[in-house]
$ cat entry.tsv   # TSV, C-alpha atoms
chain	number	residue	atom	x	y	z
A	287	GLY	CA	0.00	0.00	0.00
A	288	ALA	CA	0.93	3.65	-0.16
A	289	GLY	CA	1.50	3.92	3.56
A	290	VAL	CA	1.44	1.85	6.72
A	291	SER	CA	-2.12	0.98	7.63
A	292	GLN	CA	-3.26	-0.02	11.10
A	293	SER	CA	-6.62	-1.32	12.24
A	294	PRO	CA	-8.67	-0.67	14.18
A	295	SER	CA	-8.00	3.04	14.77
A	296	ASN	CA	-9.62	2.81	18.18
A	297	LYS	CA	-10.40	-0.14	20.39
A	298	VAL	CA	-12.18	-0.13	23.71
A	299	THR	CA	-12.10	-3.43	25.53
A	300	GLU	CA	-13.00	-4.79	28.91
A	301	LYS	CA	-10.29	-5.81	31.30
A	302	GLY	CA	-9.46	-9.48	30.85
A	303	LYS	CA	-10.44	-9.69	27.19
A	304	ASP	CA	-8.01	-10.48	24.38
A	305	VAL	CA	-7.37	-8.00	21.57
A	306	GLU	CA	-5.71	-8.19	18.18
A	307	LEU	CA	-4.13	-5.20	16.47
A	308	ARG	CA	-3.30	-5.37	12.79
A	309	CYS	CA	-0.58	-3.70	10.74
A	310	ASP	CA	-0.27	-3.59	6.96
A	311	PRO	CA	3.23	-2.35	6.10
A	312	ILE	CA	4.33	-0.56	2.96
A	313	SER	CA	4.62	-3.07	0.15
A	314	GLY	CA	8.17	-4.39	-0.22
A	315	HIS	CA	9.34	-3.31	3.22
A	316	THR	CA	11.19	-6.17	4.86
A	317	ALA	CA	11.41	-4.75	8.37
A	318	LEU	CA	8.39	-4.15	10.58
A	319	TYR	CA	8.32	-2.63	14.08
A	320	TRP	CA	5.80	-2.28	16.88
A	321	TYR	CA	6.01	0.55	19.39
A	322	ARG	CA	3.80	1.71	22.21
A	323	GLN	CA	3.18	5.32	23.12
A	324	SER	CA	1.80	6.27	26.49
A	325	LEU	CA	1.87	9.45	28.55
A	326	GLY	CA	4.06	8.14	31.28
A	327	GLN	CA	6.45	6.04	29.21
A	328	GLY	CA	6.86	7.92	25.94
A	329	LEU	CA	7.59	5.86	22.83
A	330	GLU	CA	8.73	2.32	23.64
A	331	PHE	CA	9.96	-0.38	21.30
A	332	LEU	CA	8.07	-3.67	21.57
A	333	ILE	CA	9.24	-6.05	18.82
A	334	TYR	CA	10.60	-6.07	15.31
A	335	PHE	CA	10.39	-8.45	12.37
A	336	GLN	CA	12.86	-9.11	9.61
A	337	GLY	CA	10.75	-10.95	7.09
A	338	ASN	CA	8.62	-13.29	9.18
A	339	SER	CA	11.21	-13.73	11.92
A	340	ALA	CA	11.29	-11.73	15.14
A	341	PRO	CA	14.96	-11.38	16.13
A	342	ASP	CA	14.20	-8.98	18.96
A	343	LYS	CA	11.19	-9.32	21.23
A	344	SER	CA	12.90	-7.66	24.15
A	345	GLY	CA	10.39	-4.84	24.44
A	346	LEU	CA	7.29	-6.97	24.96
A	347	PRO	CA	6.22	-6.08	28.50
A	348	SER	CA	4.91	-9.51	29.52
A	349	ASP	CA	4.03	-12.93	28.16
A	350	ARG	CA	0.50	-11.66	27.57
A	351	PHE	CA	1.89	-9.88	24.53
A	352	SER	CA	2.72	-11.72	21.32
A	353	ALA	CA	3.08	-10.85	17.67
A	354	GLU	CA	3.41	-12.59	14.38
A	355	ARG	CA	4.02	-11.67	10.79
A	356	THR	CA	2.95	-13.74	7.84
A	357	GLY	CA	3.99	-13.71	4.21
A	358	GLY	CA	6.54	-11.02	4.97
A	359	SER	CA	3.67	-8.59	5.08
A	360	VAL	CA	0.80	-8.23	7.57
A	361	SER	CA	1.55	-8.35	11.26
A	362	THR	CA	-0.75	-8.91	14.22
A	363	LEU	CA	-0.02	-7.86	17.78
A	364	THR	CA	-2.09	-9.82	20.31
A	365	ILE	CA	-2.63	-8.86	23.91
A	366	GLN	CA	-4.21	-11.52	26.08
A	367	ARG	CA	-6.11	-10.86	29.29
A	368	THR	CA	-5.83	-7.09	28.86
A	369	GLN	CA	-5.08	-4.92	31.87
A	370	GLN	CA	-5.70	-1.22	32.39
A	371	GLU	CA	-1.98	-0.51	32.14
A	372	ASP	CA	-2.11	-1.81	28.54
A	373	SER	CA	-4.06	1.31	27.55
A	374	ALA	CA	-1.88	3.21	25.08
A	375	VAL	CA	-1.45	4.00	21.41
A	376	TYR	CA	0.17	1.09	19.56
A	377	LEU	CA	2.21	2.19	16.58
A	378	CYS	CA	3.45	0.08	13.72
A	379	ALA	CA	6.27	1.11	11.38
A	380	SER	CA	7.96	-0.44	8.40
A	381	SER	CA	11.22	0.19	6.59
A	382	LEU	CA	12.73	-1.03	3.37
A	383	ARG	CA	15.60	-2.62	5.29
A	384	ILE	CA	16.80	-2.39	8.85
A	385	ASN	CA	18.58	0.86	9.74
A	386	THR	CA	16.79	2.80	7.01
A	387	GLU	CA	14.05	5.30	7.73
A	388	ALA	CA	10.91	3.82	9.22
A	389	PHE	CA	7.46	5.01	8.22
A	390	PHE	CA	4.73	4.90	10.79
A	391	GLY	CA	1.04	4.12	10.67
A	392	GLN	CA	-1.57	6.25	12.36
A	393	GLY	CA	-1.70	3.95	15.37
A	394	THR	CA	-4.35	2.04	17.28
A	395	ARG	CA	-5.59	3.70	20.45
A	396	LEU	CA	-6.36	0.94	22.94
A	397	THR	CA	-8.46	1.69	26.00
A	398	VAL	CA	-8.96	-1.00	28.59
A	399	VAL	CA	-11.94	-0.34	30.89
B	142	ALA	CA	22.97	1.11	26.68
B	143	GLN	CA	21.72	3.90	24.46
B	144	LYS	CA	19.84	6.98	25.48
B	145	VAL	CA	18.35	10.07	23.86
B	146	THR	CA	17.66	13.22	25.82
B	147	GLN	CA	15.47	16.08	24.68
B	148	ALA	CA	15.72	18.46	27.57
B	149	GLN	CA	13.12	20.90	26.26
B	150	THR	CA	9.69	19.57	27.11
B	151	GLU	CA	7.74	22.49	25.64
B	152	ILE	CA	8.69	25.48	23.53
B	153	SER	CA	6.40	28.32	22.56
B	154	VAL	CA	7.32	30.84	19.85
B	155	VAL	CA	5.59	33.43	17.76
B	156	GLU	CA	5.28	32.88	14.03
B	157	LYS	CA	8.39	33.82	12.00
B	158	GLU	CA	10.73	33.27	14.92
B	159	ASP	CA	13.56	30.79	14.52
B	160	VAL	CA	13.58	27.90	16.98
B	161	THR	CA	16.11	25.19	17.80
B	162	LEU	CA	15.19	21.84	19.29
B	163	ASP	CA	17.99	20.15	21.18
B	164	CYS	CA	18.86	16.46	21.11
B	165	VAL	CA	21.68	14.77	22.98
B	166	TYR	CA	22.39	11.08	22.58
B	167	GLU	CA	24.49	8.44	24.32
B	168	THR	CA	25.98	5.34	22.75
B	169	ARG	CA	29.28	3.50	22.84
B	170	ASP	CA	28.79	2.17	19.35
B	171	THR	CA	30.69	3.78	16.51
B	172	THR	CA	28.08	3.02	13.85
B	173	TYR	CA	24.68	4.46	14.54
B	174	TYR	CA	21.88	6.42	12.95
B	175	LEU	CA	20.00	9.46	14.17
B	176	PHE	CA	16.50	10.51	13.20
B	177	TRP	CA	14.00	13.28	13.71
B	178	TYR	CA	10.26	12.67	13.54
B	179	LYS	CA	7.34	15.09	13.73
B	180	GLN	CA	4.07	14.14	15.41
B	181	PRO	CA	1.32	16.65	14.57
B	182	PRO	CA	-1.98	16.67	16.48
B	183	SER	CA	-3.32	14.02	14.11
B	184	GLY	CA	-0.95	11.58	15.80
B	185	GLU	CA	0.97	10.00	12.94
B	186	LEU	CA	4.76	10.14	13.23
B	187	VAL	CA	6.25	11.77	10.16
B	188	PHE	CA	9.84	11.05	9.17
B	189	LEU	CA	11.98	14.16	8.72
B	190	ILE	CA	15.62	13.10	8.49
B	191	ARG	CA	18.08	10.22	8.96
B	192	ARG	CA	21.79	10.78	9.52
B	193	ASN	CA	24.52	8.15	9.95
B	194	SER	CA	27.37	8.50	12.39
B	195	PHE	CA	29.99	8.89	9.69
B	196	ASP	CA	28.38	11.88	8.08
B	197	GLU	CA	28.68	15.04	10.13
B	198	GLN	CA	27.68	17.37	7.35
B	199	ASN	CA	24.90	19.69	8.32
B	200	GLU	CA	21.75	19.46	6.26
B	201	ILE	CA	19.24	22.01	5.14
B	202	SER	CA	15.82	21.28	3.71
B	203	GLY	CA	13.77	24.37	3.10
B	204	ARG	CA	13.14	25.99	6.49
B	205	TYR	CA	14.54	22.99	8.33
B	206	SER	CA	18.19	22.45	9.18
B	207	TRP	CA	20.06	19.94	11.28
B	208	ASN	CA	23.38	20.31	13.08
B	209	PHE	CA	25.14	17.04	13.92
B	210	GLN	CA	28.16	17.29	16.24
B	211	LYS	CA	29.78	14.05	17.37
B	212	SER	CA	32.09	15.94	19.72
B	213	THR	CA	29.11	16.93	21.86
B	214	SER	CA	26.87	13.96	20.92
B	215	SER	CA	24.21	16.34	19.71
B	216	PHE	CA	21.86	16.39	16.76
B	217	ASN	CA	19.95	19.65	16.93
B	218	PHE	CA	17.09	20.71	14.71
B	219	THR	CA	16.37	24.30	13.72
B	220	ILE	CA	13.22	25.64	12.12
B	221	THR	CA	13.71	29.00	10.46
B	222	ALA	CA	10.82	31.45	10.20
B	223	SER	CA	8.46	29.13	12.06
B	224	GLN	CA	4.85	28.76	10.97
B	225	VAL	CA	1.71	27.71	12.80
B	226	VAL	CA	1.75	24.43	10.85
B	227	ASP	CA	5.04	23.58	12.53
B	228	SER	CA	3.19	23.12	15.82
B	229	ALA	CA	3.73	19.48	16.79
B	230	VAL	CA	5.70	17.20	19.04
B	231	TYR	CA	9.16	16.52	17.67
B	232	PHE	CA	11.06	13.36	18.52
B	233	CYS	CA	14.74	12.66	18.16
B	234	ALA	CA	15.67	8.97	17.91
B	235	LEU	CA	18.75	6.75	17.76
B	236	THR	CA	19.42	3.27	16.46
B	237	VAL	CA	22.72	1.42	16.49
B	238	TYR	CA	23.99	-0.74	13.70
B	239	ASN	CA	23.52	-4.20	15.19
B	240	GLN	CA	20.11	-3.76	16.77
B	241	GLY	CA	17.87	-4.29	13.82
B	242	GLY	CA	16.84	-0.70	13.41
B	243	LYS	CA	14.83	-0.43	16.61
B	244	LEU	CA	14.56	3.20	17.59
B	245	ILE	CA	15.36	4.66	20.98
B	246	PHE	CA	13.29	7.81	21.26
B	247	GLY	CA	13.76	10.92	23.30
B	248	GLN	CA	10.83	12.17	25.32
B	249	GLY	CA	9.86	14.67	22.66
B	250	THR	CA	9.62	18.44	22.51
B	251	GLU	CA	6.21	20.00	22.08
B	252	LEU	CA	6.51	23.05	19.86
B	253	SER	CA	3.73	25.58	19.81
B	254	VAL	CA	3.88	28.31	17.16
B	255	LYS	CA	1.44	31.13	17.80
B	256	PRO	CA	0.20	33.50	15.10

$ encode --input "entry.tsv" --output "structure tokens"
Amino acid sequence: GAGVSQSPSNKVTEKGKDVELRCDPISGHTALYWYRQSLGQGLEFLIYFQGNSAPDKSGLPSDRFSAERTGGSVSTLTIQRTQQEDSAVYLCASSLRINTEAFFGQGTRLTVV
Amino acid sequence: AQKVTQAQTEISVVEKEDVTLDCVYETRDTTYYLFWYKQPPSGELVFLIRRNSFDEQNEISGRYSWNFQKSTSSFNFTITASQVVDSAVYFCALTVYNQGGKLIFGQGTELSVKP
């Protein structure tokens, strides 16, 4: 696609429910990144993919968080048993290769009530 | 460990003033990349510039310019003749060569340009 597309734009969920956030990167971009933006923590790295592999998952805050990427394209970030502290904007970015400029999607605003 | 510091939390200027946003970084690696992103009220992070550690040339793009100084570990961003549309949060970020491109962000500087 022309840009990075994320869905949904907004998600309100009840505490304890599972949620899935989707990212469609720019076509041909091999690297894909997930970040989280919250007021108290700023912009935090979560995980990145090179192709379908995730060499670095060090930013995932707990084992309730997981992500996958299929076909070297779409990625899904899953949060199980959501907690209120998971409320944040989740940003996806893609780049042609690692260490080149990353282009961001508009984000998914997650609110856990 | 790497770190990016943007000491200015908020800056307010009047249109047509020049403004400089400061960015100081820390890394022991010799190969790294520095970035600036703009986040307008709409929320999407917009890429502005990427600079590698071996290229200390300053860069100018229209009203925007960047000053990279390895001696002081700084990568400052200047907007000349600011406009209301420049109002946004600006983030400086760092990635090092062997970390897959993951960005370490500063806390951001919120720039408000008043008419």

$ atom_distance --input "entry.tsv" --atom1 "CA of Gly358 in chain A" --atom2 "CA of Ala317 in chain A"
8.6 Å

$ atom_distance --input "entry.tsv" --atom1 "CA of Val237 in chain B" --atom2 "CA of Thr172 in chain B"
6.2 Å

$ closest_atom_pairs --input "entry.tsv" --of "chain A" --to "chain B" --cutoff "12 Å" --atoms "all atoms listed in the file" --output "CSV"
residue,atom,partner,partner_atom,distance
A:Gly289,CA,B:Glu185,CA,11.2
A:Val290,CA,B:Glu185,CA,10.3
A:Ser291,CA,B:Glu185,CA,10.9
A:Gln292,CA,B:Glu185,CA,11.0
A:Ser295,CA,B:Gly184,CA,11.1
A:Thr316,CA,B:Gly241,CA,11.3
A:Ala317,CA,B:Gly242,CA,8.4
A:Leu318,CA,B:Gly242,CA,9.6
A:Tyr319,CA,B:Lys243,CA,7.3
A:Trp320,CA,B:Lys243,CA,9.2
A:Tyr321,CA,B:Leu244,CA,9.1
A:Arg322,CA,B:Phe246,CA,11.3
A:Gln323,CA,B:Gly184,CA,10.5
A:Ser324,CA,B:Gln248,CA,10.8
A:Leu325,CA,B:Gln248,CA,9.9
A:Gly326,CA,B:Gln248,CA,9.9
A:Gln327,CA,B:Gln248,CA,8.5
A:Gly328,CA,B:Gln248,CA,5.8
A:Leu329,CA,B:Phe246,CA,6.2
A:Glu330,CA,B:Ile245,CA,7.5
A:Phe331,CA,B:Lys243,CA,6.8
A:Leu332,CA,B:Lys243,CA,9.0
A:Ile333,CA,B:Lys243,CA,8.2
A:Tyr334,CA,B:Lys243,CA,7.2
A:Phe335,CA,B:Gly241,CA,8.7
A:Gln336,CA,B:Gly241,CA,8.1
A:Gly337,CA,B:Gly241,CA,11.8
A:Ser339,CA,B:Gly241,CA,11.7
A:Ala340,CA,B:Gly241,CA,10.0
A:Pro341,CA,B:Gly241,CA,8.0
A:Asp342,CA,B:Gly241,CA,7.9
A:Lys343,CA,B:Lys243,CA,10.7
A:Ser344,CA,B:Lys243,CA,10.6
A:Gly345,CA,B:Lys243,CA,10.0
A:Val375,CA,B:Gly184,CA,9.4
A:Tyr376,CA,B:Glu185,CA,11.1
A:Leu377,CA,B:Glu185,CA,8.7
A:Cys378,CA,B:Leu186,CA,10.2
A:Ala379,CA,B:Leu186,CA,9.3
A:Ser380,CA,B:Gly242,CA,10.2
A:Ser381,CA,B:Gly242,CA,8.9
A:Leu382,CA,B:Gly242,CA,10.9
A:Arg383,CA,B:Gly242,CA,8.4
A:Ile384,CA,B:Gly242,CA,4.9
A:Asn385,CA,B:Gly242,CA,4.4
A:Thr386,CA,B:Gly242,CA,7.3
A:Glu387,CA,B:Arg191,CA,6.5
A:Ala388,CA,B:Phe188,CA,7.3
A:Phe389,CA,B:Phe188,CA,6.6
A:Phe390,CA,B:Leu186,CA,5.8
A:Gly391,CA,B:Glu185,CA,6.3
A:Gln392,CA,B:Glu185,CA,4.6
A:Gly393,CA,B:Glu185,CA,7.0
A:Thr394,CA,B:Gly184,CA,10.2
A:Arg395,CA,B:Gly184,CA,10.3

$ residues_around --input "entry.tsv" --residues "Lys144 in chain B" --least-positions-apart "5" --cutoff "7 Å" --atoms "all atoms listed in the file" --output "PyMOL selection string"
chain B and resi 166-168+245

$ atom_distance --input "entry.tsv" --atom1 "CA of Asn217 in chain B" --atom2 "CA of Gln198 in chain B"
12.5 Å

$ axis_aligned_box --input "entry.tsv" --around "range 328-334 of chain A" --padding-each-side "3 Å" --output "lines of an AutoDock Vina configuration file"
center_x = 8.7
center_y = 0.9
center_z = 20.6
size_x = 9.7
size_y = 20.0
size_z = 16.6

$ residues_around --input "entry.tsv" --residues "range 365-368 of chain A" --least-positions-apart "4" --cutoff "6 Å" --atoms "only C-alpha atoms" --output "mmCIF file with C-alpha atoms, keeping the file's coordinate frame"
data_model
loop_
_atom_site.group_PDB
_atom_site.id
_atom_site.type_symbol
_atom_site.label_atom_id
_atom_site.label_comp_id
_atom_site.auth_asym_id
_atom_site.auth_seq_id
_atom_site.Cartn_x
_atom_site.Cartn_y
_atom_site.Cartn_z
ATOM 1 C CA LYS A 301 -10.290 -5.810 31.300
ATOM 2 C CA GLY A 302 -9.460 -9.480 30.850
ATOM 3 C CA LYS A 303 -10.440 -9.690 27.190
ATOM 4 C CA ASP A 304 -8.010 -10.480 24.380
ATOM 5 C CA VAL A 305 -7.370 -8.000 21.570
ATOM 6 C CA ARG A 350 0.500 -11.660 27.570
ATOM 7 C CA PHE A 351 1.890 -9.880 24.530
#

$ residues_near_point --input "entry.tsv" --point "(6.7, 22.5, 9.2)" --cutoff "10 Å" --atoms "all atoms listed in the file" --output "VMD selection string"
chain B and resid 179 181 189 203 to 205 220 to 229

$ closest_residue --input "entry.tsv" --among "B:Ile152, B:Ile201, B:Cys233, B:Leu162" --to "Glu251 in chain B" --atoms "all atoms listed in the file"
B:Ile152
